[in-house]
Amino acid sequence: MATAGVPQRFCRCACFCSENLYVARYGLHVRFRGEQQLRADYGPILRSRGCVTPKDFQQLLEELEQEVERRKRLEQESAARKALIASSYRPARPEIYNPLQDVALAPEFLAAAEYSASPGANLKGLLQRLETVSEEKRIYRLPVFTAPFCQALLEELEHFERSDMPKGRPNTMNNYGVLLHELGLDEPLVTPLRERFLRPLMALLYPDGGGGWLDSHRAFVVKYAPGQDRELGCHYDNAELTINVSLGKAFTGGALYFGDLFQVPSALASPLEVEHVVGQGVLHRGGQLHGARPLGTGERWNLIVWLRASAVRNRLCPMCCRKPDLVDAEGFGDGFTREEPATVDVCAMT
């Protein structure tokens with residue numbers, strides 16, 4: 001299958017600073033362009049969820065204004081953190097920063113990826129090499145990393161967590177974890193994982209979702225623990241496809257739950273629960289509504305990779321559901337480009 005080369009320049013959609021701002025206290029994602037718009041669009045639902053006094057609303061306004069300002073500074077501050085980490089941080093497990101080797105990957109994952117890249121590979125053959133969690137929702141699972149690699153990566157992440165290095169939030173809903181590009185693990189770990197293994201596999205599983213044209217990603221590790229984040233509200237990802245790999249440690253609870261695609265009315269009418277299995281990855285469409293049940297005991301660390309295909313998102317931003325208003329960005333940005341990759345036949349995805 002022809003695949004897109006990595007474009008030189010990626011962009012964000014300008015909606016990043018106004019759409020899908022998460023208000024944890026009210027369990028709500030909102031669009032925010034000012035007080036009048038907020039009252040008009042969300043007044044009733046906010047009151048139903050406890051935002052009832054002028055003080056409540058003023059506090060919410062201040063939080064949203066602060067979040068908008070944080071998002072405007074995000075790229076510059078992230079670049080500064082990455083530079084400081086690169087110059088001053090001393091890893092506990094330096095081998096983690098070497099280029100990804102097959103020995104780090106589970107045999108089942110290697111076999112599935114090798115089959116997917118072979119001549120004549122098809123969906124039926126691939127499904128014999130992984131677990132179908134839900135045929136209807138197109139959710140799949142298979143081992144990804146070996147136990148020794150998961151342990152080594154966890155040791156490195158905990159070492160970084162204990163260090164005095166600056167740390168960015170993984171995303172707008174998770175407060176604890178690590179951005180892998182800031183830690184320097186994008187190039188040696190995540191990019192080869194996407195290009196060599198995930199892209200051929202996703203091309204068979206999700207040909208209509210850009211699986212064969214994945215050309216960027218956003219990767220982060222999230223941590224759930226007592227006194228920190230313990231659950232995750234319902235949301236959908238800023239990605240065409242997602243892989244969620246359980247790294248450990250020992251924990252109870254925290255199961256994933258899945259509804260339908262976010263565009264479907266009553267998308268959470270009968271959610272499907274999926275238990276984590278250490279070392280295994282859950283594959284799903286980014287637009288699938290999902291969340292995490294409360295952690296029971298212990299600590300849970302998960303590697304999340306948002307997989308993006310510019311050939312898909314260049315036509316429609318998944319966050320504002322409009323033609324993207326492009327803004328130049330550093331690194332992979334949010335996966336948009338100003339041109340279609342030359343080798344993509346977009347008609348194949350319609």
# chains A, B, ... in the order shown; residues from 1 in each chain; ligands from 1

$ residues_around --residues "Gly254 of chain A" --least-positions-apart "6" --cutoff "7 Å" --atoms "only C-alpha atoms" --output "NGL selection string"
:A and (231 or 292-296)

$ residues_around --residues "Pro143 of chain A" --least-positions-apart "5" --cutoff "9 Å" --atoms "only C-alpha atoms" --output "ChimeraX atom specification"
/A:105-109,130,245,277-282

$ write_last_selection --atoms "all heavy atoms" --output "PDB file, in the first residue's frame"
ATOM      1  N   LEU A 105       9.438  -5.794  21.911  1.00  0.00           N
ATOM      2  CA  LEU A 105       8.055  -5.986  21.483  1.00  0.00           C
ATOM      3  C   LEU A 105       7.608  -7.426  21.684  1.00  0.00           C
ATOM      4  O   LEU A 105       8.376  -8.376  21.500  1.00  0.00           O
ATOM      5  CB  LEU A 105       7.907  -5.595  20.017  1.00  0.00           C
ATOM      6  CG  LEU A 105       8.276  -4.134  19.721  1.00  0.00           C
ATOM      7  CD1 LEU A 105       8.335  -3.897  18.213  1.00  0.00           C
ATOM      8  CD2 LEU A 105       7.298  -3.179  20.376  1.00  0.00           C
ATOM      9  N   ALA A 106       6.340  -7.579  22.067  1.00  0.00           N
ATOM     10  CA  ALA A 106       5.776  -8.911  22.284  1.00  0.00           C
ATOM     11  C   ALA A 106       5.765  -9.702  20.982  1.00  0.00           C
ATOM     12  O   ALA A 106       5.508  -9.140  19.906  1.00  0.00           O
ATOM     13  CB  ALA A 106       4.357  -8.778  22.838  1.00  0.00           C
ATOM     14  N   PRO A 107       6.019 -10.989  21.036  1.00  0.00           N
ATOM     15  CA  PRO A 107       5.999 -11.803  19.816  1.00  0.00           C
ATOM     16  C   PRO A 107       4.681 -11.702  19.052  1.00  0.00           C
ATOM     17  O   PRO A 107       4.677 -11.696  17.823  1.00  0.00           O
ATOM     18  CB  PRO A 107       6.232 -13.225  20.340  1.00  0.00           C
ATOM     19  CG  PRO A 107       6.957 -13.046  21.642  1.00  0.00           C
ATOM     20  CD  PRO A 107       6.427 -11.768  22.221  1.00  0.00           C
ATOM     21  N   GLU A 108       3.560 -11.612  19.782  1.00  0.00           N
ATOM     22  CA  GLU A 108       2.259 -11.510  19.112  1.00  0.00           C
ATOM     23  C   GLU A 108       2.145 -10.214  18.309  1.00  0.00           C
ATOM     24  O   GLU A 108       1.545 -10.188  17.227  1.00  0.00           O
ATOM     25  CB  GLU A 108       1.133 -11.577  20.149  1.00  0.00           C
ATOM     26  CG  GLU A 108       1.074 -12.873  20.929  1.00  0.00           C
ATOM     27  CD  GLU A 108       1.881 -12.829  22.224  1.00  0.00           C
ATOM     28  OE1 GLU A 108       2.846 -12.029  22.317  1.00  0.00           O
ATOM     29  OE2 GLU A 108       1.543 -13.590  23.144  1.00  0.00           O
ATOM     30  N   PHE A 109       2.705  -9.137  18.846  1.00  0.00           N
ATOM     31  CA  PHE A 109       2.662  -7.853  18.153  1.00  0.00           C
ATOM     32  C   PHE A 109       3.545  -7.894  16.908  1.00  0.00           C
ATOM     33  O   PHE A 109       3.145  -7.430  15.833  1.00  0.00           O
ATOM     34  CB  PHE A 109       3.129  -6.753  19.105  1.00  0.00           C
ATOM     35  CG  PHE A 109       3.032  -5.363  18.529  1.00  0.00           C
ATOM     36  CD1 PHE A 109       1.809  -4.771  18.315  1.00  0.00           C
ATOM     37  CD2 PHE A 109       4.179  -4.645  18.231  1.00  0.00           C
ATOM     38  CE1 PHE A 109       1.715  -3.470  17.797  1.00  0.00           C
ATOM     39  CE2 PHE A 109       4.111  -3.363  17.711  1.00  0.00           C
ATOM     40  CZ  PHE A 109       2.868  -2.779  17.500  1.00  0.00           C
ATOM     41  N   LEU A 130      -5.106 -11.302  16.682  1.00  0.00           N
ATOM     42  CA  LEU A 130      -5.356 -10.404  17.804  1.00  0.00           C
ATOM     43  C   LEU A 130      -6.743 -10.688  18.365  1.00  0.00           C
ATOM     44  O   LEU A 130      -7.503 -11.485  17.827  1.00  0.00           O
ATOM     45  CB  LEU A 130      -5.200  -8.934  17.383  1.00  0.00           C
ATOM     46  CG  LEU A 130      -5.866  -8.430  16.099  1.00  0.00           C
ATOM     47  CD1 LEU A 130      -7.374  -8.277  16.263  1.00  0.00           C
ATOM     48  CD2 LEU A 130      -5.258  -7.093  15.693  1.00  0.00           C
ATOM     49  N   VAL A 245      -1.806   1.453  25.842  1.00  0.00           N
ATOM     50  CA  VAL A 245      -1.052   0.295  26.339  1.00  0.00           C
ATOM     51  C   VAL A 245      -0.900   0.390  27.848  1.00  0.00           C
ATOM     52  O   VAL A 245      -0.393   1.390  28.372  1.00  0.00           O
ATOM     53  CB  VAL A 245       0.344   0.216  25.696  1.00  0.00           C
ATOM     54  CG1 VAL A 245       1.051  -1.064  26.147  1.00  0.00           C
ATOM     55  CG2 VAL A 245       0.251   0.270  24.180  1.00  0.00           C
ATOM     56  N   VAL A 277      -4.892  -5.033  30.743  1.00  0.00           N
ATOM     57  CA  VAL A 277      -3.969  -6.152  30.893  1.00  0.00           C
ATOM     58  C   VAL A 277      -2.567  -5.605  30.663  1.00  0.00           C
ATOM     59  O   VAL A 277      -2.284  -5.046  29.594  1.00  0.00           O
ATOM     60  CB  VAL A 277      -4.271  -7.285  29.896  1.00  0.00           C
ATOM     61  CG1 VAL A 277      -3.265  -8.426  30.071  1.00  0.00           C
ATOM     62  CG2 VAL A 277      -5.704  -7.791  30.054  1.00  0.00           C
ATOM     63  N   VAL A 278      -1.710  -5.713  31.657  1.00  0.00           N
ATOM     64  CA  VAL A 278      -0.376  -5.110  31.581  1.00  0.00           C
ATOM     65  C   VAL A 278       0.378  -5.651  30.366  1.00  0.00           C
ATOM     66  O   VAL A 278       0.426  -6.860  30.135  1.00  0.00           O
ATOM     67  CB  VAL A 278       0.414  -5.366  32.875  1.00  0.00           C
ATOM     68  CG1 VAL A 278       1.849  -4.856  32.738  1.00  0.00           C
ATOM     69  CG2 VAL A 278      -0.267  -4.667  34.051  1.00  0.00           C
ATOM     70  N   GLY A 279       0.948  -4.738  29.590  1.00  0.00           N
ATOM     71  CA  GLY A 279       1.687  -5.089  28.391  1.00  0.00           C
ATOM     72  C   GLY A 279       0.848  -5.111  27.132  1.00  0.00           C
ATOM     73  O   GLY A 279       1.398  -5.136  26.030  1.00  0.00           O
ATOM     74  N   GLN A 280      -0.478  -5.109  27.299  1.00  0.00           N
ATOM     75  CA  GLN A 280      -1.363  -5.201  26.134  1.00  0.00           C
ATOM     76  C   GLN A 280      -1.911  -3.824  25.763  1.00  0.00           C
ATOM     77  O   GLN A 280      -2.099  -2.955  26.610  1.00  0.00           O
ATOM     78  CB  GLN A 280      -2.504  -6.173  26.404  1.00  0.00           C
ATOM     79  CG  GLN A 280      -2.028  -7.612  26.588  1.00  0.00           C
ATOM     80  CD  GLN A 280      -3.140  -8.622  26.427  1.00  0.00           C
ATOM     81  OE1 GLN A 280      -4.237  -8.310  25.983  1.00  0.00           O
ATOM     82  NE2 GLN A 280      -2.846  -9.866  26.776  1.00  0.00           N
ATOM     83  N   GLY A 281      -2.172  -3.661  24.470  1.00  0.00           N
ATOM     84  CA  GLY A 281      -2.692  -2.410  23.958  1.00  0.00           C
ATOM     85  C   GLY A 281      -4.101  -2.569  23.432  1.00  0.00           C
ATOM     86  O   GLY A 281      -4.432  -3.571  22.797  1.00  0.00           O
ATOM     87  N   VAL A 282      -4.939  -1.577  23.716  1.00  0.00           N
ATOM     88  CA  VAL A 282      -6.295  -1.516  23.188  1.00  0.00           C
ATOM     89  C   VAL A 282      -6.286  -0.550  22.007  1.00  0.00           C
ATOM     90  O   VAL A 282      -5.806   0.587  22.123  1.00  0.00           O
ATOM     91  CB  VAL A 282      -7.296  -1.055  24.265  1.00  0.00           C
ATOM     92  CG1 VAL A 282      -8.695  -0.916  23.676  1.00  0.00           C
ATOM     93  CG2 VAL A 282      -7.306  -2.036  25.443  1.00  0.00           C
TER      94      VAL A 282
END

$ closest_residue --among "A:Cys17, A:Leu193, A:Ala329, A:Arg162" --to "Arg70 of chain A" --atoms "only C-alpha atoms"
A:Cys17

$ atom_distance --atom1 "atom CA of Leu283 of chain A" --atom2 "atom CA of Gln263 of chain A"
19.2 Å

$ select_by_dssp --residues "segment 79-288 of chain A" --states "alpha helix (DSSP H)" --output "ChimeraX atom specification"
/A:79-88,107-116,123-127,147-162,180-183,191-192,199-205

$ select_by_dssp --residues "segment 42-283 of chain A" --states "strand (DSSP E)" --output "VMD selection string"
chain A and resid 131 to 134 139 to 143 177 to 179 216 to 224 232 to 235 241 to 248 251 to 253 256 to 261 272 to 274 280 to 283

$ write_last_selection --atoms "N, CA and C atoms" --output "short mmCIF file (atom, residue, chain, number, x, y, z; two decimals), in the first residue's frame"
data_model
loop_
_atom_site.label_atom_id
_atom_site.label_comp_id
_atom_site.auth_asym_id
_atom_site.auth_seq_id
_atom_site.Cartn_x
_atom_site.Cartn_y
_atom_site.Cartn_z
N GLU A 131 -7.07 -10.03 19.47
CA GLU A 131 -8.36 -10.22 20.12
C GLU A 131 -9.34 -9.15 19.65
N THR A 132 -10.52 -9.57 19.22
CA THR A 132 -11.58 -8.63 18.89
C THR A 132 -12.40 -8.38 20.15
N VAL A 133 -12.24 -7.22 20.75
CA VAL A 133 -12.98 -6.87 21.96
C VAL A 133 -14.43 -6.58 21.62
N SER A 134 -14.65 -5.85 20.52
CA SER A 134 -16.00 -5.56 20.07
C SER A 134 -15.98 -5.41 18.56
N ILE A 139 -13.14 -2.42 18.26
CA ILE A 139 -12.13 -2.29 19.31
C ILE A 139 -11.37 -3.61 19.39
N TYR A 140 -10.04 -3.52 19.41
CA TYR A 140 -9.19 -4.71 19.36
C TYR A 140 -8.12 -4.62 20.44
N ARG A 141 -7.53 -5.76 20.75
CA ARG A 141 -6.47 -5.78 21.76
C ARG A 141 -5.43 -6.83 21.40
N LEU A 142 -4.17 -6.53 21.72
CA LEU A 142 -3.09 -7.49 21.55
C LEU A 142 -1.90 -7.06 22.41
N PRO A 143 -1.05 -8.02 22.81
CA PRO A 143 0.17 -7.65 23.52
C PRO A 143 1.04 -6.75 22.64
N GLY A 177 1.61 12.53 34.65
CA GLY A 177 2.15 11.70 33.60
C GLY A 177 3.29 12.40 32.90
N VAL A 178 3.61 11.97 31.70
CA VAL A 178 4.80 12.45 30.99
C VAL A 178 4.48 12.61 29.51
N LEU A 179 4.91 13.73 28.94
CA LEU A 179 4.85 13.93 27.49
C LEU A 179 6.12 13.33 26.89
N SER A 216 1.70 11.25 11.71
CA SER A 216 2.16 11.95 12.91
C SER A 216 1.46 11.35 14.12
N HIS A 217 1.83 11.82 15.29
CA HIS A 217 1.24 11.29 16.51
C HIS A 217 1.46 12.28 17.66
N ARG A 218 0.77 12.03 18.73
CA ARG A 218 1.03 12.67 20.02
C ARG A 218 1.03 11.55 21.04
N ALA A 219 2.13 11.40 21.78
CA ALA A 219 2.29 10.28 22.70
C ALA A 219 2.56 10.79 24.11
N PHE A 220 1.90 10.17 25.07
CA PHE A 220 2.08 10.57 26.46
C PHE A 220 1.76 9.38 27.36
N VAL A 221 2.28 9.44 28.57
CA VAL A 221 1.98 8.44 29.58
C VAL A 221 1.13 9.11 30.65
N VAL A 222 0.06 8.45 31.05
CA VAL A 222 -0.80 8.97 32.11
C VAL A 222 -0.65 8.10 33.35
N LYS A 223 -0.77 8.75 34.49
CA LYS A 223 -0.64 8.04 35.77
C LYS A 223 -1.89 8.27 36.61
N TYR A 224 -2.40 7.17 37.18
CA TYR A 224 -3.53 7.23 38.10
C TYR A 224 -3.07 6.67 39.44
N LEU A 232 -11.21 9.09 34.68
CA LEU A 232 -11.18 9.97 33.51
C LEU A 232 -12.59 10.07 32.94
N GLY A 233 -13.06 11.31 32.80
CA GLY A 233 -14.39 11.53 32.27
C GLY A 233 -14.52 11.13 30.82
N CYS A 234 -15.75 11.03 30.37
CA CYS A 234 -16.03 10.62 29.00
C CYS A 234 -15.54 11.68 28.02
N HIS A 235 -14.90 11.23 26.94
CA HIS A 235 -14.33 12.15 25.96
C HIS A 235 -14.05 11.38 24.67
N LEU A 241 -6.97 7.55 15.17
CA LEU A 241 -6.90 6.25 15.81
C LEU A 241 -6.08 6.37 17.09
N THR A 242 -6.30 5.45 18.02
CA THR A 242 -5.60 5.50 19.31
C THR A 242 -5.16 4.10 19.70
N ILE A 243 -3.98 4.01 20.30
CA ILE A 243 -3.56 2.80 20.99
C ILE A 243 -3.27 3.16 22.43
N ASN A 244 -3.81 2.37 23.35
CA ASN A 244 -3.69 2.59 24.79
C ASN A 244 -3.07 1.33 25.39
N VAL A 245 -1.81 1.45 25.84
CA VAL A 245 -1.05 0.29 26.34
C VAL A 245 -0.90 0.39 27.85
N SER A 246 -1.32 -0.63 28.55
CA SER A 246 -1.16 -0.69 30.00
C SER A 246 0.28 -1.08 30.34
N LEU A 247 0.98 -0.21 31.08
CA LEU A 247 2.36 -0.48 31.48
C LEU A 247 2.45 -1.07 32.89
N GLY A 248 1.43 -0.95 33.69
CA GLY A 248 1.43 -1.39 35.09
C GLY A 248 1.00 -0.24 35.97
N PHE A 251 -2.63 -2.73 40.32
CA PHE A 251 -3.79 -1.88 40.57
C PHE A 251 -5.06 -2.70 40.47
N THR A 252 -6.12 -2.15 41.02
CA THR A 252 -7.46 -2.68 40.81
C THR A 252 -8.34 -1.54 40.30
N GLY A 253 -9.41 -1.91 39.59
CA GLY A 253 -10.32 -0.90 39.06
C GLY A 253 -9.72 -0.21 37.85
N LEU A 256 -11.43 0.69 31.33
CA LEU A 256 -11.90 1.57 30.26
C LEU A 256 -13.37 1.29 29.98
N TYR A 257 -14.10 2.31 29.57
CA TYR A 257 -15.44 2.08 29.07
C TYR A 257 -15.61 2.82 27.75
N PHE A 258 -16.37 2.21 26.85
CA PHE A 258 -16.54 2.73 25.49
C PHE A 258 -18.01 2.85 25.14
N GLY A 259 -18.35 3.98 24.53
CA GLY A 259 -19.66 4.15 23.93
C GLY A 259 -19.54 4.02 22.43
N ASP A 260 -20.39 4.74 21.72
CA ASP A 260 -20.32 4.77 20.27
C ASP A 260 -19.47 5.95 19.82
N LEU A 261 -19.43 6.19 18.52
CA LEU A 261 -18.75 7.37 18.02
C LEU A 261 -19.45 8.62 18.53
N LEU A 272 -19.44 -0.27 26.92
CA LEU A 272 -18.72 -1.53 27.01
C LEU A 272 -17.50 -1.32 27.91
N GLU A 273 -17.32 -2.17 28.91
CA GLU A 273 -16.16 -2.05 29.80
C GLU A 273 -15.06 -3.01 29.37
N VAL A 274 -13.82 -2.52 29.43
CA VAL A 274 -12.65 -3.29 29.01
C VAL A 274 -11.60 -3.20 30.11
N GLN A 280 -0.48 -5.11 27.30
CA GLN A 280 -1.36 -5.20 26.13
C GLN A 280 -1.91 -3.82 25.76
N GLY A 281 -2.17 -3.66 24.47
CA GLY A 281 -2.69 -2.41 23.96
C GLY A 281 -4.10 -2.57 23.43
N VAL A 282 -4.94 -1.58 23.72
CA VAL A 282 -6.30 -1.52 23.19
C VAL A 282 -6.29 -0.55 22.01
N LEU A 283 -6.81 -0.99 20.87
CA LEU A 283 -6.84 -0.19 19.65
C LEU A 283 -8.28 0.25 19.41
#

$ residues_around --residues "Gln37 of chain A" --least-positions-apart "6" --cutoff "12 Å" --atoms "only C-alpha atoms" --output "PyMOL selection string"
chain A and resi 18+30-31+43+61

$ write_last_selection --atoms "C-alpha atoms" --output "short mmCIF file (atom, residue, chain, number, x, y, z; two decimals), in the first residue's frame"
data_model
loop_
_atom_site.label_atom_id
_atom_site.label_comp_id
_atom_site.auth_asym_id
_atom_site.auth_seq_id
_atom_site.Cartn_x
_atom_site.Cartn_y
_atom_site.Cartn_z
CA SER A 18 -11.52 27.93 21.99
CA VAL A 30 -17.17 23.53 26.48
CA ARG A 31 -16.61 25.93 23.63
CA GLY A 43 -26.25 28.08 31.10
CA LEU A 61 -14.99 32.15 33.78
#

$ residues_around --residues "Leu185 of chain A" --least-positions-apart "6" --cutoff "12 Å" --atoms "only C-alpha atoms" --output "CSV table (one decimal) with N, CA, C and O atoms, in the first residue's frame"
chain,number,residue,atom,x,y,z
A,82,LYS,N,11.5,20.8,26.9
A,82,LYS,CA,12.2,19.8,26.2
A,82,LYS,C,13.7,20.1,26.1
A,82,LYS,O,14.6,19.2,26.3
A,85,ILE,N,15.3,19.6,29.6
A,85,ILE,CA,15.5,18.1,29.9
A,85,ILE,C,16.6,17.5,29.1
A,85,ILE,O,17.4,16.8,29.6
A,86,ALA,N,16.7,17.9,27.8
A,86,ALA,CA,17.8,17.3,27.0
A,86,ALA,C,19.2,17.7,27.5
A,86,ALA,O,20.1,16.9,27.4
A,91,PRO,N,19.1,10.1,32.6
A,91,PRO,CA,18.2,8.9,32.7
A,91,PRO,C,18.7,7.9,33.7
A,91,PRO,O,19.9,7.7,33.9
A,94,PRO,N,19.2,4.4,30.5
A,94,PRO,CA,19.5,5.1,29.2
A,94,PRO,C,19.2,4.2,28.0
A,94,PRO,O,19.0,4.7,26.9
A,95,GLU,N,19.1,2.9,28.2
A,95,GLU,CA,18.9,2.0,27.0
A,95,GLU,C,17.5,2.2,26.4
A,95,GLU,O,17.2,1.9,25.3
A,96,ILE,N,16.6,2.8,27.2
A,96,ILE,CA,15.2,3.1,26.7
A,96,ILE,C,15.3,4.1,25.6
A,96,ILE,O,14.4,4.2,24.7
A,97,TYR,N,16.4,4.9,25.5
A,97,TYR,CA,16.5,6.0,24.5
A,97,TYR,C,17.2,5.5,23.3
A,97,TYR,O,17.4,6.3,22.3
A,98,ASN,N,17.6,4.2,23.2
A,98,ASN,CA,18.1,3.7,22.0
A,98,ASN,C,17.0,3.4,21.0
A,98,ASN,O,15.8,3.3,21.4
A,99,PRO,N,17.3,3.3,19.7
A,99,PRO,CA,16.2,3.1,18.7
A,99,PRO,C,15.5,1.8,19.1
A,99,PRO,O,16.1,0.8,19.5
A,100,LEU,N,14.2,1.8,18.9
A,100,LEU,CA,13.4,0.6,19.2
A,100,LEU,C,13.8,-0.6,18.6
A,100,LEU,O,14.0,-0.7,17.4
A,153,LEU,N,10.7,0.8,31.2
A,153,LEU,CA,10.1,2.1,30.9
A,153,LEU,C,9.5,2.7,32.1
A,153,LEU,O,9.6,3.9,32.4
A,156,GLU,N,12.1,4.2,34.3
A,156,GLU,CA,12.6,5.5,33.8
A,156,GLU,C,11.6,6.6,34.0
A,156,GLU,O,11.9,7.8,34.4
A,157,LEU,N,10.3,6.3,33.8
A,157,LEU,CA,9.2,7.3,34.1
A,157,LEU,C,9.2,7.7,35.5
A,157,LEU,O,9.0,8.9,35.8
A,178,VAL,N,3.6,12.0,31.7
A,178,VAL,CA,4.8,12.5,31.0
A,178,VAL,C,4.5,12.6,29.5
A,178,VAL,O,3.9,11.7,28.9
A,179,LEU,N,4.9,13.7,28.9
A,179,LEU,CA,4.9,13.9,27.5
A,179,LEU,C,6.1,13.3,26.9
A,179,LEU,O,7.2,13.8,27.2
A,191,THR,N,8.0,7.1,17.1
A,191,THR,CA,8.0,7.2,15.7
A,191,THR,C,8.2,5.8,15.0
A,191,THR,O,7.5,5.5,14.1
A,192,PRO,N,9.2,5.1,15.4
A,192,PRO,CA,9.4,3.7,14.7
A,192,PRO,C,8.2,2.8,15.1
A,192,PRO,O,7.8,2.0,14.2
A,193,LEU,N,7.6,2.9,16.3
A,193,LEU,CA,6.5,2.1,16.6
A,193,LEU,C,5.3,2.4,15.6
A,193,LEU,O,4.7,1.5,15.1
A,218,ARG,N,0.8,12.0,18.7
A,218,ARG,CA,1.0,12.7,20.0
A,218,ARG,C,1.0,11.5,21.0
A,218,ARG,O,0.0,10.8,21.2
A,219,ALA,N,2.1,11.4,21.8
A,219,ALA,CA,2.3,10.3,22.7
A,219,ALA,C,2.6,10.8,24.1
A,219,ALA,O,3.4,11.7,24.3
A,220,PHE,N,1.9,10.2,25.1
A,220,PHE,CA,2.1,10.6,26.5
A,220,PHE,C,1.8,9.4,27.4
A,220,PHE,O,1.1,8.4,27.0
A,221,VAL,N,2.3,9.4,28.6
A,221,VAL,CA,2.0,8.4,29.6
A,221,VAL,C,1.1,9.1,30.6
A,221,VAL,O,1.4,10.2,31.1
A,303,LEU,N,0.5,4.0,28.5
A,303,LEU,CA,1.0,4.8,27.3
A,303,LEU,C,-0.1,5.0,26.3
A,303,LEU,O,-0.7,4.0,25.9
